[in-house]
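Engineer: Here you go, query.tsv (TSV, C-alpha atoms):
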```tsv
chain	number	residue	atom	x	y	z
A	295	MET	CA	0.00	0.00	0.00
A	296	ASN	CA	1.13	3.52	-0.79
A	297	PRO	CA	1.44	5.28	2.63
A	298	ALA	CA	0.63	8.70	1.19
A	299	PHE	CA	-2.53	7.37	-0.37
A	300	ILE	CA	-3.53	5.71	2.88
A	301	LEU	CA	-3.14	9.00	4.76
A	302	ALA	CA	-5.02	10.90	2.06
A	303	ALA	CA	-7.88	8.43	2.09
A	304	ILE	CA	-8.11	8.37	5.89
A	305	ASP	CA	-8.08	12.17	5.95
A	306	GLY	CA	-10.91	12.34	3.44
A	307	ALA	CA	-12.94	9.68	5.19
A	308	ILE	CA	-12.64	11.25	8.63
A	309	THR	CA	-13.45	14.74	7.35
A	310	LEU	CA	-16.60	13.57	5.64
A	311	ILE	CA	-17.78	11.48	8.57
A	312	GLU	CA	-17.19	14.45	10.92
A	313	LYS	CA	-19.26	16.73	8.71
A	314	LEU	CA	-22.09	14.33	8.00
A	315	SER	CA	-22.56	12.47	11.26
A	316	PRO	CA	-24.63	15.24	12.95
A	317	LEU	CA	-26.91	15.38	9.90
A	318	VAL	CA	-27.27	11.60	9.72
A	319	ALA	CA	-28.03	11.54	13.45
A	320	GLN	CA	-31.00	13.84	12.87
A	321	LEU	CA	-32.46	11.36	10.39
A	322	PHE	CA	-32.74	8.75	13.13
A	323	GLN	CA	-33.53	11.02	16.06
A	324	LYS	CA	-36.46	9.99	18.21
A	325	GLY	CA	-38.91	12.73	19.12
A	326	ASP	CA	-39.19	16.21	17.69
A	327	ILE	CA	-36.38	18.09	16.03
A	328	THR	CA	-35.84	20.82	18.60
A	329	VAL	CA	-36.19	24.56	18.14
A	330	GLU	CA	-32.41	24.94	18.48
A	331	GLN	CA	-31.67	22.23	15.90
A	332	GLN	CA	-34.04	23.91	13.47
A	333	LYS	CA	-32.35	27.27	14.00
A	334	VAL	CA	-28.89	25.76	13.43
A	335	LEU	CA	-30.02	24.26	10.12
A	336	LYS	CA	-31.77	27.45	9.00
A	337	ASP	CA	-28.65	29.49	9.80
A	338	ARG	CA	-26.55	26.98	7.88
A	339	LEU	CA	-28.80	27.37	4.84
A	340	ASP	CA	-28.48	31.13	5.04
A	341	ALA	CA	-24.70	30.72	5.01
A	342	LEU	CA	-24.96	28.38	2.01
A	343	SER	CA	-26.73	31.13	0.08
A	344	ASN	CA	-23.54	33.22	0.09
A	345	PRO	CA	-22.59	34.07	-3.53
A	346	ASP	CA	-18.90	33.46	-2.69
A	347	LEU	CA	-19.61	29.88	-1.63
A	348	PHE	CA	-17.86	28.35	-4.64
A	349	SER	CA	-15.01	30.83	-4.99
A	350	GLY	CA	-12.42	28.82	-3.03
A	351	PRO	CA	-9.46	27.22	-4.82
A	352	GLU	CA	-10.88	23.74	-4.27
A	353	TRP	CA	-13.76	24.64	-6.59
A	354	GLN	CA	-11.57	25.82	-9.48
A	355	VAL	CA	-10.94	23.52	-12.43
A	356	THR	CA	-7.26	23.40	-13.29
A	357	LYS	CA	-5.33	21.49	-15.93
A	358	ASP	CA	-2.56	20.17	-13.66
B	240	MET	CA	-4.45	-1.88	6.81
B	241	LYS	CA	-6.24	-2.06	3.50
B	242	ARG	CA	-9.30	-3.53	5.25
B	243	ILE	CA	-9.38	-0.63	7.72
B	244	LEU	CA	-9.06	1.91	4.94
B	245	THR	CA	-11.71	0.22	2.84
B	246	SER	CA	-14.02	0.17	5.85
B	247	LEU	CA	-13.48	3.89	6.39
B	248	LEU	CA	-14.21	4.78	2.80
B	249	LEU	CA	-17.24	2.54	2.67
B	250	ALA	CA	-18.44	4.19	5.89
B	251	CYS	CA	-18.18	7.51	4.06
B	252	ALA	CA	-20.16	6.15	1.16
B	253	LEU	CA	-22.81	4.78	3.51
B	254	CYS	CA	-22.90	8.03	5.47
B	255	ALA	CA	-23.43	10.09	2.35
B	256	GLY	CA	-25.89	7.61	0.91
B	257	LEU	CA	-28.00	7.71	4.05
B	258	LEU	CA	-28.54	11.39	3.48
B	259	THR	CA	-30.58	10.64	0.40
B	260	ILE	CA	-33.19	9.07	2.68
B	261	THR	CA	-35.86	11.24	4.26
B	262	GLY	CA	-36.04	10.85	8.02
B	263	CYS	CA	-39.25	9.99	9.86
B	264	HIS	CA	-38.75	12.64	12.53
B	265	SER	CA	-41.23	15.39	13.38
B	266	LEU	CA	-40.57	19.04	14.07
B	267	ASP	CA	-41.20	21.07	17.20
B	268	PRO	CA	-43.85	23.44	15.81
B	269	ALA	CA	-42.32	26.35	17.76
B	270	GLY	CA	-39.18	26.20	15.59
B	271	VAL	CA	-38.26	28.41	12.66
B	272	TYR	CA	-39.79	25.93	10.19
B	273	LEU	CA	-43.18	26.19	11.95
B	274	GLY	CA	-43.68	22.45	11.57
B	275	ASP	CA	-43.12	22.46	7.81
B	276	LYS	CA	-41.31	19.16	7.37
B	277	LYS	CA	-40.95	19.62	3.62
B	278	ALA	CA	-38.98	22.83	4.13
B	279	TYR	CA	-36.86	21.27	6.89
B	280	ASP	CA	-36.08	18.18	4.80
B	281	ALA	CA	-35.17	20.40	1.86
B	282	ASP	CA	-32.71	22.38	3.97
B	283	LEU	CA	-31.26	19.20	5.44
B	284	LEU	CA	-30.67	17.74	1.99
B	285	ILE	CA	-29.24	20.98	0.54
B	286	SER	CA	-26.88	21.31	3.49
B	287	SER	CA	-25.74	17.68	3.55
B	288	SER	CA	-25.39	17.60	-0.22
B	289	TYR	CA	-23.12	20.64	-0.11
B	290	GLU	CA	-21.00	19.12	2.68
B	291	THR	CA	-20.64	15.92	0.67
B	292	ALA	CA	-19.68	17.65	-2.57
B	293	HIS	CA	-17.39	20.13	-0.83
B	294	SER	CA	-15.63	17.39	1.13
B	295	PHE	CA	-14.97	15.50	-2.08
B	296	VAL	CA	-13.53	18.40	-4.12
B	297	LEU	CA	-11.51	19.62	-1.12
B	298	TRP	CA	-10.13	16.13	-0.54
B	299	GLU	CA	-9.11	15.86	-4.19
B	300	TYR	CA	-7.60	19.37	-4.17
B	301	GLN	CA	-5.57	18.81	-1.00
B	302	ASN	CA	-4.33	15.37	-2.08
B	303	ARG	CA	-4.01	15.89	-5.84
B	304	ALA	CA	-0.46	14.59	-6.16
B	305	THR	CA	-1.21	11.45	-4.19
B	306	LEU	CA	-4.51	10.81	-5.93
B	307	SER	CA	-2.94	11.19	-9.38
B	308	LYS	CA	-2.60	7.39	-9.35
B	309	LEU	CA	-6.37	7.35	-9.76
B	310	PRO	CA	-6.89	10.06	-12.45
B	311	GLN	CA	-10.58	9.30	-12.70
B	312	ILE	CA	-11.03	10.88	-9.25
B	313	LYS	CA	-9.85	14.28	-10.55
B	314	GLU	CA	-12.00	13.87	-13.64
B	315	TYR	CA	-15.08	13.34	-11.50
B	316	ALA	CA	-14.09	16.14	-9.09
B	317	ASP	CA	-13.78	18.52	-12.05
B	318	THR	CA	-17.21	17.48	-13.29
B	319	LEU	CA	-18.57	18.22	-9.84
B	320	ARG	CA	-16.77	21.59	-9.79
B	321	VAL	CA	-18.52	22.60	-12.99
B	322	GLN	CA	-21.98	21.20	-12.35
B	323	TYR	CA	-22.56	21.22	-8.60
B	324	PRO	CA	-22.68	25.03	-8.09
B	325	THR	CA	-25.49	25.25	-10.65
B	326	TRP	CA	-27.42	22.43	-9.00
B	327	HIS	CA	-26.93	23.97	-5.55
B	328	LYS	CA	-28.05	27.45	-6.62
B	329	ALA	CA	-31.09	25.99	-8.39
B	330	ALA	CA	-32.08	24.09	-5.26
B	331	VAL	CA	-31.66	27.14	-3.02
B	332	ALA	CA	-33.72	29.24	-5.45
B	333	ALA	CA	-36.44	26.58	-5.56
B	334	ARG	CA	-36.39	26.34	-1.77
B	335	ASN	CA	-36.72	30.12	-1.43
B	336	ALA	CA	-39.57	30.18	-3.95
B	337	TYR	CA	-41.36	27.42	-2.02
B	338	LEU	CA	-40.93	29.27	1.28
B	339	ALA	CA	-42.29	32.46	-0.32
B	340	ALA	CA	-45.33	30.71	-1.83
B	341	LYS	CA	-46.16	27.12	-0.90
B	342	THR	CA	-47.95	26.29	-4.14
B	343	ASP	CA	-48.07	22.90	-5.86
B	344	THR	CA	-45.95	24.29	-8.69
B	345	ASN	CA	-43.23	25.48	-6.32
B	346	ALA	CA	-43.36	22.23	-4.35
B	347	THR	CA	-42.87	20.25	-7.56
B	348	ALA	CA	-39.99	22.48	-8.67
B	349	LEU	CA	-38.36	22.04	-5.25
B	350	ALA	CA	-38.78	18.26	-5.40
B	351	GLN	CA	-37.14	18.20	-8.83
B	352	ALA	CA	-34.20	20.34	-7.70
B	353	LEU	CA	-33.73	18.14	-4.64
B	354	ALA	CA	-33.79	15.01	-6.78
B	355	VAL	CA	-30.77	16.37	-8.66
B	356	LEU	CA	-28.89	16.94	-5.39
B	357	ARG	CA	-29.88	13.47	-4.17
B	358	GLN	CA	-28.38	12.04	-7.35
B	359	ALA	CA	-25.18	14.06	-6.76
B	360	VAL	CA	-24.83	12.66	-3.23
B	361	SER	CA	-25.40	9.18	-4.58
B	362	SER	CA	-22.69	9.68	-7.22
B	363	VAL	CA	-20.15	10.99	-4.69
B	364	SER	CA	-20.95	8.00	-2.46
B	365	GLN	CA	-20.28	5.74	-5.41
B	366	TRP	CA	-16.91	7.42	-5.99
B	367	TYR	CA	-15.87	6.89	-2.39
B	368	ALA	CA	-16.85	3.25	-2.74
B	369	ASN	CA	-14.90	3.04	-6.03
B	370	ALA	CA	-11.82	4.49	-4.34
B	371	ALA	CA	-12.13	1.83	-1.66
B	372	THR	CA	-12.12	-0.96	-4.21
B	373	THR	CA	-9.39	0.41	-6.50
B	374	LEU	CA	-6.74	1.47	-3.99
B	375	PRO	CA	-3.27	1.64	-5.54
B	376	THR	CA	-0.84	-0.84	-4.08
B	377	ASN	CA	2.36	1.13	-4.70
```
As structure tokens, please, write out the structure in this file.

Structural biologist:
Amino acid sequence: MNPAFILAAIDGAITLIEKLSPLVAQLFQKGDITVEQQKVLKDRLDALSNPDLFSGPEWQVTKD
Amino acid sequence: MKRILTSLLLACALCAGLLTITGCHSLDPAGVYLGDKKAYDADLLISSSYETAHSFVLWEYQNRATLSKLPQIKEYADTLRVQYPTWHKAAVAARNAYLAAKTDTNATALAQALAVLRQAVSSVSQWYANAATTLPTN
């Protein structure tokens, strides 16, 4: 196994799991989605409406 | 080691794939969504779809040299870079239109925009699974 690839893959996997686990947890939550949880999601959506959302270097297509 | 790594990547794929499923939860009616589950589910999918797509392109960007052994990953990431912003903006616009006027037409347009995002999450999940099964050995 290529060690660099292993580290890259682990890094990607952990990052994604960290970001998605709270959202997945809400899918299986018992009881109501709380007022605070709703506000957090609404605020997140407001942030995702920012016109600069896709201006970072990771979103640019390059030829290298 | 390869089994651990494969498990991690498949966990990612599963995690992302789960987000294409609508939960069976209910909303506290005192919240900002006023009990509108359709609006809440739309926001949950838009948010999780963005996190999934962003994680993938960021991962490819930060590990480009290493991942060059699997050039198809950059090809897919570039496709996502071109197409995903359009899909995201369309979904946000449809969501805003639905919140402004909860008509059947707007609900249908929102459902169609969300279906595109759901497909994007599914594709990214598939790419994580592909990476798990095609790991370079040197």

Engineer: Can you tell me, as a ChimeraX atom specification, what residues are no more than 12 Å from Leu353 of chain B when counting only C-alpha atoms, ignoring any on the same chain fewer than 5 positions away?

Structural biologist: /B:258-261,277-278,280-289,326-334,346-348,358-360

Engineer: Any chance you could export the current selection's C-alpha atoms as a tab-separated table (two decimals), keeping the file's coordinate frame?

Structural biologist:
```
chain	number	residue	atom	x	y	z
B	258	LEU	CA	-28.54	11.39	3.48
B	259	THR	CA	-30.58	10.64	0.40
B	260	ILE	CA	-33.19	9.07	2.68
B	261	THR	CA	-35.86	11.24	4.26
B	277	LYS	CA	-40.95	19.62	3.62
B	278	ALA	CA	-38.98	22.83	4.13
B	280	ASP	CA	-36.08	18.18	4.80
B	281	ALA	CA	-35.17	20.40	1.86
B	282	ASP	CA	-32.71	22.38	3.97
B	283	LEU	CA	-31.26	19.20	5.44
B	284	LEU	CA	-30.67	17.74	1.99
B	285	ILE	CA	-29.24	20.98	0.54
B	286	SER	CA	-26.88	21.31	3.49
B	287	SER	CA	-25.74	17.68	3.55
B	288	SER	CA	-25.39	17.60	-0.22
B	289	TYR	CA	-23.12	20.64	-0.11
B	326	TRP	CA	-27.42	22.43	-9.00
B	327	HIS	CA	-26.93	23.97	-5.55
B	328	LYS	CA	-28.05	27.45	-6.62
B	329	ALA	CA	-31.09	25.99	-8.39
B	330	ALA	CA	-32.08	24.09	-5.26
B	331	VAL	CA	-31.66	27.14	-3.02
B	332	ALA	CA	-33.72	29.24	-5.45
B	333	ALA	CA	-36.44	26.58	-5.56
B	334	ARG	CA	-36.39	26.34	-1.77
B	346	ALA	CA	-43.36	22.23	-4.35
B	347	THR	CA	-42.87	20.25	-7.56
B	348	ALA	CA	-39.99	22.48	-8.67
B	358	GLN	CA	-28.38	12.04	-7.35
B	359	ALA	CA	-25.18	14.06	-6.76
B	360	VAL	CA	-24.83	12.66	-3.23
```

Engineer: Write down, as a PyMOL selection string, each residue of chain A that has any atom within 8 Å of an atom of chain B, counting all atoms listed in the file.

Structural biologist: chain A and resi 295-296+298-300+302-311+313-315+317-318+320-330+332-333+335-336+338-339+342-343+348+352-355

Engineer: At what distance in Å, to one decimal, does atom CA of Asp340 of chain A lie from atom CA of Asn335 of chain B?

Structural biologist: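 Atom CA of Asp340 of chain A lies 10.5 Å from atom CA of Asn335 of chain B.
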
Engineer: To one decimal place, how far is atom CA of Arg357 of chain B from atom CA of Ala341 of chain A in Å?

Structural biologist: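 Those two atoms sit 20.2 Å apart.
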
Engineer: Tell me, in Å to one decimal, how far atom CA of Thr342 of chain B is from atom CA of Asp275 of chain B.

Structural biologist: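 Separation between atom CA of Thr342 of chain B and atom CA of Asp275 of chain B: 13.4 Å.
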
Engineer: Could you work out an axis-aligned box for segment 345-357 of chain B, taking every atom the file lists and adding 4 Å on each side, and report centre and edge lengths in Å to one decimal, as AutoDock Vina command-line options?

Structural biologist:
```
--center_x -36.1 --center_y 19.5 --center_z -6.5 --size_x 22.5 --size_y 20.0 --size_z 12.7
```

Engineer: How would segment 317-334 of chain B read, as a CSV table (one decimal), in the coordinates of the input, once N, CA, C and O atoms are built in?

Structural biologist:
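The new file selection-v2.csv reads:
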```csv
chain,number,residue,atom,x,y,z
B,317,ASP,N,-13.6,17.4,-11.1
B,317,ASP,CA,-13.8,18.5,-12.0
B,317,ASP,C,-15.2,18.6,-12.6
B,317,ASP,O,-15.7,19.7,-12.8
B,318,THR,N,-15.8,17.5,-12.9
B,318,THR,CA,-17.2,17.5,-13.3
B,318,THR,C,-18.1,18.1,-12.2
B,318,THR,O,-19.0,18.9,-12.5
B,319,LEU,N,-17.8,17.7,-11.0
B,319,LEU,CA,-18.6,18.2,-9.8
B,319,LEU,C,-18.3,19.7,-9.7
B,319,LEU,O,-19.3,20.5,-9.4
B,320,ARG,N,-17.1,20.2,-9.9
B,320,ARG,CA,-16.8,21.6,-9.8
B,320,ARG,C,-17.5,22.4,-10.8
B,320,ARG,O,-17.9,23.6,-10.5
B,321,VAL,N,-17.8,21.9,-12.0
B,321,VAL,CA,-18.5,22.6,-13.0
B,321,VAL,C,-20.0,22.6,-12.7
B,321,VAL,O,-20.7,23.6,-12.8
B,322,GLN,N,-20.5,21.4,-12.4
B,322,GLN,CA,-22.0,21.2,-12.4
B,322,GLN,C,-22.6,21.5,-11.0
B,322,GLN,O,-23.7,22.0,-10.9
B,323,TYR,N,-21.9,21.1,-9.9
B,323,TYR,CA,-22.6,21.2,-8.6
B,323,TYR,C,-23.0,22.6,-8.2
B,323,TYR,O,-24.1,22.8,-7.7
B,324,PRO,N,-22.2,23.7,-8.5
B,324,PRO,CA,-22.7,25.0,-8.1
B,324,PRO,C,-24.0,25.4,-8.7
B,324,PRO,O,-24.9,26.0,-8.1
B,325,THR,N,-24.2,25.0,-10.0
B,325,THR,CA,-25.5,25.2,-10.6
B,325,THR,C,-26.6,24.5,-10.0
B,325,THR,O,-27.7,25.1,-9.7
B,326,TRP,N,-26.4,23.2,-9.7
B,326,TRP,CA,-27.4,22.4,-9.0
B,326,TRP,C,-27.8,23.0,-7.6
B,326,TRP,O,-28.9,23.1,-7.2
B,327,HIS,N,-26.7,23.4,-6.9
B,327,HIS,CA,-26.9,24.0,-5.6
B,327,HIS,C,-27.8,25.3,-5.6
B,327,HIS,O,-28.7,25.4,-4.9
B,328,LYS,N,-27.3,26.2,-6.5
B,328,LYS,CA,-28.0,27.4,-6.6
B,328,LYS,C,-29.5,27.2,-7.1
B,328,LYS,O,-30.4,27.9,-6.6
B,329,ALA,N,-29.7,26.3,-7.9
B,329,ALA,CA,-31.1,26.0,-8.4
B,329,ALA,C,-31.9,25.5,-7.2
B,329,ALA,O,-33.1,25.9,-7.1
B,330,ALA,N,-31.3,24.6,-6.4
B,330,ALA,CA,-32.1,24.1,-5.3
B,330,ALA,C,-32.4,25.2,-4.2
B,330,ALA,O,-33.5,25.2,-3.7
B,331,VAL,N,-31.4,26.0,-4.0
B,331,VAL,CA,-31.7,27.1,-3.0
B,331,VAL,C,-32.7,28.1,-3.6
B,331,VAL,O,-33.6,28.5,-2.8
B,332,ALA,N,-32.7,28.4,-4.9
B,332,ALA,CA,-33.7,29.2,-5.4
B,332,ALA,C,-35.1,28.6,-5.4
B,332,ALA,O,-36.1,29.3,-5.0
B,333,ALA,N,-35.2,27.3,-5.6
B,333,ALA,CA,-36.4,26.6,-5.6
B,333,ALA,C,-36.9,26.5,-4.1
B,333,ALA,O,-38.2,26.7,-3.9
B,334,ARG,N,-36.0,26.4,-3.2
B,334,ARG,CA,-36.4,26.3,-1.8
B,334,ARG,C,-36.9,27.7,-1.4
B,334,ARG,O,-37.9,27.8,-0.7
```
